[in-house]
Amino acid sequence: MPTSAFDALADRFARIPEGAGASAWTDFDEDVREALRWSRSVPPVHTWFPGTPGRRPTAAETAVALCGPDGRTREAALSFAGGSPGLLPLVVVRCADWAGPVRERARSVLRAELPGLPHGAFGDLLAVALLIAGRLRGDAARTLLTGALREGPESRVAALLGHGDRGIRRLAHRIGVERGLLSPARLAEIAATDPDAVVQDLCANAVLATVRDAADGALLDPLLRSRQGRVRAAGVTGLRRAGRAAGAEPFLYDRSALVRACARWVLRQAGTEPLPLYRAVCAAGAGAGAGTAAGMPDDAPLGLAECGDRAVDVPALWTLTGHERPRVRASAVAGLRRLDAVRVDPLVPLLDDGSARVVREAVTALLPWADRIPADALLRRATADPAPHVRKGALRLLAETGGAAFREAARVLADDPDPKLRALARRATGA
């Protein structure tokens with residue numbers, strides 16, 4: 001192999017930055033293999049490394065040899081990989097090598113290097129192992145590193161809880177829970193604030209497993225305050241075990257359907273039927289003056305529809321479509337759709353609502369009956385109304401039926417000043 005080509009590959013290895021992502025190492029491995037695959041001959045092992053015979057190769061030279069197409073060369077290069085942290089990511093890759101002797105040698109080297117490895121370097125290797133785990137024979141490195149994490153020092157797990165790789169963070173949290181390294185209070189805080197849904201579920205479920213009675217009820221408070229619906233739902237579910245079932249009532253009106261369903265379950269388990277509560281709140285909101293109605297929970301109408309009776313509860317929902325607050329109006333329309341109680345004529349005026357949320361719900365409810373709305377009225381809304389959300393809603397309804405009115409609306413809106421609406425119109429016409 002010409003030295004200049006070897007030097008070019010070695011230089012590429014030297015330019016891989018410290019802390020590079022796992023794909024940097026797998027890409028390097030594949031690119032070296034590709035570069036050497038069509039060379040006229042593969043040099044024998046004792047001449048693979050350029051320079052004086054018997055000289056220990058540099059890390060860069062060893063890296064290229066570790067990725068070469070000849071199995072004997074890769075196996076020989078592993079003899080020089082121990083004690084060189086920068087080469088260990090490639091050793092992990094070789095743990096999935098197609099050649100058995102290379103695989104076994106790589107796993108032996110990796111096993112010997114793990115005990116004294118710094119936490120950051122361990123995380124880098126684990127990232128590579130998780131990336132190649134889906135390959136044929138690729139699970140061995142993940143098993144080895146995961147085992148070392150389970151049996152290693154607590155500080156290693158703690159260091160990886162905030163790792164930049166999502167898979168590593170999930171694994172570290174899972175092992176932290178298994179080993180009991182995270183207090184219930186810490187788990188509750190992580191569940192309430194972590195952006196990853198998998199970590200949220202893992203930690204929230206671990207918190208629920210620790211709640212035995214009212215003395216543990218305070219652990220649920222961070223969950224109940226979370227911005228994530230799935231976490232709030234876990235907290236609401238835990239209220240029953242903590243002897244705080246009555247605390248689920250405010251969550252009957254939560255913005256999350258999952259949370260509302262959990263609140264209904266908790267209350268029923270405690271002997272309280274939620275339907276009368278919904279009916280009372282919606283009746284008060286529908287019949288009270290403006291000041292009283294302002295205190296009505298926004299999502300009460302949809303909650304009523306989720307457990308209500310079509311014959312009994314539809315009139316209250318129709319009344320609430322005229323509520324002074326947009327979120328309540330939108331919730332009422334969504335409730336009518338859920339109860340299969342949509343009527344076209346009373347809903348059409350909501351296509352002109354000043355709230356984009358209300359118009360979206362009205363459009364969604366009316367889509368199955370778009371052909372029953374006069375096309376000229378929709379065309380006027382789509383092309384002449386000053387509110388972008390009204391124009392967008394009318395275009396969606398016109399698109400449902402097609403025809404000349406839709407084509408005219410799309411042509412006009414293709415130059416609309418609103419960029420989102422303009423893009424929507426152009427997609428509709430294939431422009």
# chains A, B, ... in the order shown; residues from 1 in each chain; ligands from 1
>>> residues_around(residues="Ala362 in chain A", least_positions_apart="5", cutoff="7 Å", atoms="only C-alpha atoms", output="list of chain:residue names")
A:Val333, A:Leu347, A:Leu350, A:Leu351
>>> residues_around(residues="Asn205 in chain A", least_positions_apart="2", cutoff="12 Å", atoms="only C-alpha atoms", output="PyMOL selection string")
chain A and resi 174+177+184+187-188+190-192+198-203+207-211+219-220+223+230-235+237-238
>>> residues_around(residues="Arg407 in chain A", least_positions_apart="3", cutoff="10 Å", atoms="only C-alpha atoms", output="list in words")
Leu379, Leu395, Leu398, Ala399, Gly402, Gly403, Ala404, Ala410, Arg411, Val412, Leu413, Ala425, Ala428 and Thr429 of chain A
>>> residues_around(residues="range 250-255 of chain A", least_positions_apart="5", cutoff="9 Å", atoms="only C-alpha atoms", output="JSON, numbers by chain")
{"A": [229, 232, 233, 236, 260, 261, 262, 263, 264, 274, 277, 278, 297, 298, 299, 300, 301, 302, 303]}
>>> write_last_selection(atoms="N, CA and C atoms", output="PDB file, in the first residue's frame")
ATOM      1  N   GLY A 229     -47.952  15.827  29.977  1.00  0.00           N
ATOM      2  CA  GLY A 229     -49.190  15.159  30.322  1.00  0.00           C
ATOM      3  C   GLY A 229     -48.989  13.750  30.850  1.00  0.00           C
ATOM      4  N   ARG A 232     -47.944  14.012  34.473  1.00  0.00           N
ATOM      5  CA  ARG A 232     -49.077  14.378  35.330  1.00  0.00           C
ATOM      6  C   ARG A 232     -50.019  13.191  35.504  1.00  0.00           C
ATOM      7  N   ALA A 233     -50.232  12.432  34.436  1.00  0.00           N
ATOM      8  CA  ALA A 233     -51.112  11.266  34.523  1.00  0.00           C
ATOM      9  C   ALA A 233     -50.578  10.261  35.541  1.00  0.00           C
ATOM     10  N   VAL A 236     -51.326  11.650  38.975  1.00  0.00           N
ATOM     11  CA  VAL A 236     -52.745  11.516  39.321  1.00  0.00           C
ATOM     12  C   VAL A 236     -53.055  10.074  39.707  1.00  0.00           C
ATOM     13  N   ARG A 260     -57.037  13.437  32.104  1.00  0.00           N
ATOM     14  CA  ARG A 260     -58.467  13.438  32.439  1.00  0.00           C
ATOM     15  C   ARG A 260     -58.971  12.022  32.674  1.00  0.00           C
ATOM     16  N   ALA A 261     -58.540  11.093  31.840  1.00  0.00           N
ATOM     17  CA  ALA A 261     -58.985   9.705  32.001  1.00  0.00           C
ATOM     18  C   ALA A 261     -58.473   9.122  33.317  1.00  0.00           C
ATOM     19  N   CYS A 262     -57.225   9.420  33.669  1.00  0.00           N
ATOM     20  CA  CYS A 262     -56.678   8.920  34.936  1.00  0.00           C
ATOM     21  C   CYS A 262     -57.425   9.523  36.121  1.00  0.00           C
ATOM     22  N   ALA A 263     -57.753  10.802  36.032  1.00  0.00           N
ATOM     23  CA  ALA A 263     -58.492  11.449  37.122  1.00  0.00           C
ATOM     24  C   ALA A 263     -59.860  10.800  37.299  1.00  0.00           C
ATOM     25  N   ARG A 264     -60.532  10.495  36.202  1.00  0.00           N
ATOM     26  CA  ARG A 264     -61.843   9.842  36.311  1.00  0.00           C
ATOM     27  C   ARG A 264     -61.707   8.476  36.972  1.00  0.00           C
ATOM     28  N   PRO A 274     -67.497  10.906  38.224  1.00  0.00           N
ATOM     29  CA  PRO A 274     -67.090  12.210  37.686  1.00  0.00           C
ATOM     30  C   PRO A 274     -68.139  12.891  36.813  1.00  0.00           C
ATOM     31  N   LEU A 277     -69.979  15.837  38.219  1.00  0.00           N
ATOM     32  CA  LEU A 277     -69.081  16.973  38.417  1.00  0.00           C
ATOM     33  C   LEU A 277     -68.926  17.753  37.111  1.00  0.00           C
ATOM     34  N   TYR A 278     -68.725  17.020  36.017  1.00  0.00           N
ATOM     35  CA  TYR A 278     -68.615  17.670  34.711  1.00  0.00           C
ATOM     36  C   TYR A 278     -69.904  18.435  34.382  1.00  0.00           C
ATOM     37  N   PRO A 297     -63.305  25.846  33.903  1.00  0.00           N
ATOM     38  CA  PRO A 297     -62.131  25.202  33.309  1.00  0.00           C
ATOM     39  C   PRO A 297     -62.269  25.083  31.793  1.00  0.00           C
ATOM     40  N   ASP A 298     -61.204  25.372  31.084  1.00  0.00           N
ATOM     41  CA  ASP A 298     -61.263  25.406  29.621  1.00  0.00           C
ATOM     42  C   ASP A 298     -61.693  24.078  28.998  1.00  0.00           C
ATOM     43  N   ASP A 299     -61.188  22.978  29.532  1.00  0.00           N
ATOM     44  CA  ASP A 299     -61.414  21.684  28.878  1.00  0.00           C
ATOM     45  C   ASP A 299     -62.538  20.889  29.502  1.00  0.00           C
ATOM     46  N   ALA A 300     -63.352  21.549  30.340  1.00  0.00           N
ATOM     47  CA  ALA A 300     -64.500  20.849  30.932  1.00  0.00           C
ATOM     48  C   ALA A 300     -65.473  20.317  29.882  1.00  0.00           C
ATOM     49  N   PRO A 301     -65.793  21.058  28.815  1.00  0.00           N
ATOM     50  CA  PRO A 301     -66.738  20.509  27.825  1.00  0.00           C
ATOM     51  C   PRO A 301     -66.260  19.216  27.178  1.00  0.00           C
ATOM     52  N   LEU A 302     -64.970  19.152  26.841  1.00  0.00           N
ATOM     53  CA  LEU A 302     -64.461  17.930  26.228  1.00  0.00           C
ATOM     54  C   LEU A 302     -64.455  16.788  27.237  1.00  0.00           C
ATOM     55  N   GLY A 303     -64.127  17.092  28.494  1.00  0.00           N
ATOM     56  CA  GLY A 303     -64.196  16.058  29.523  1.00  0.00           C
ATOM     57  C   GLY A 303     -65.604  15.524  29.686  1.00  0.00           C
TER      58      GLY A 303
END
>>> select_by_dssp(residues="range 265-421 of chain A", states="helix (DSSP H, G or I)", output="PyMOL selection string")
chain A and resi 265-269+274-287+290-293+300-307+310-320+326-338+344-352+356-372+375-384+388-401+404-413+419-421
>>> closest_residue(among="A:Ala384, A:Val91, A:Ala96, A:Ala10", to="Pro57 in chain A", atoms="only C-alpha atoms")
A:Ala10
>>> residues_around(residues="range 60-64 of chain A", least_positions_apart="5", cutoff="9 Å", atoms="only C-alpha atoms", output="number ranges by chain")
A: 6-7, 9-14, 28-29, 32-33, 49-50, 74, 77-78, 80-81, 87, 90
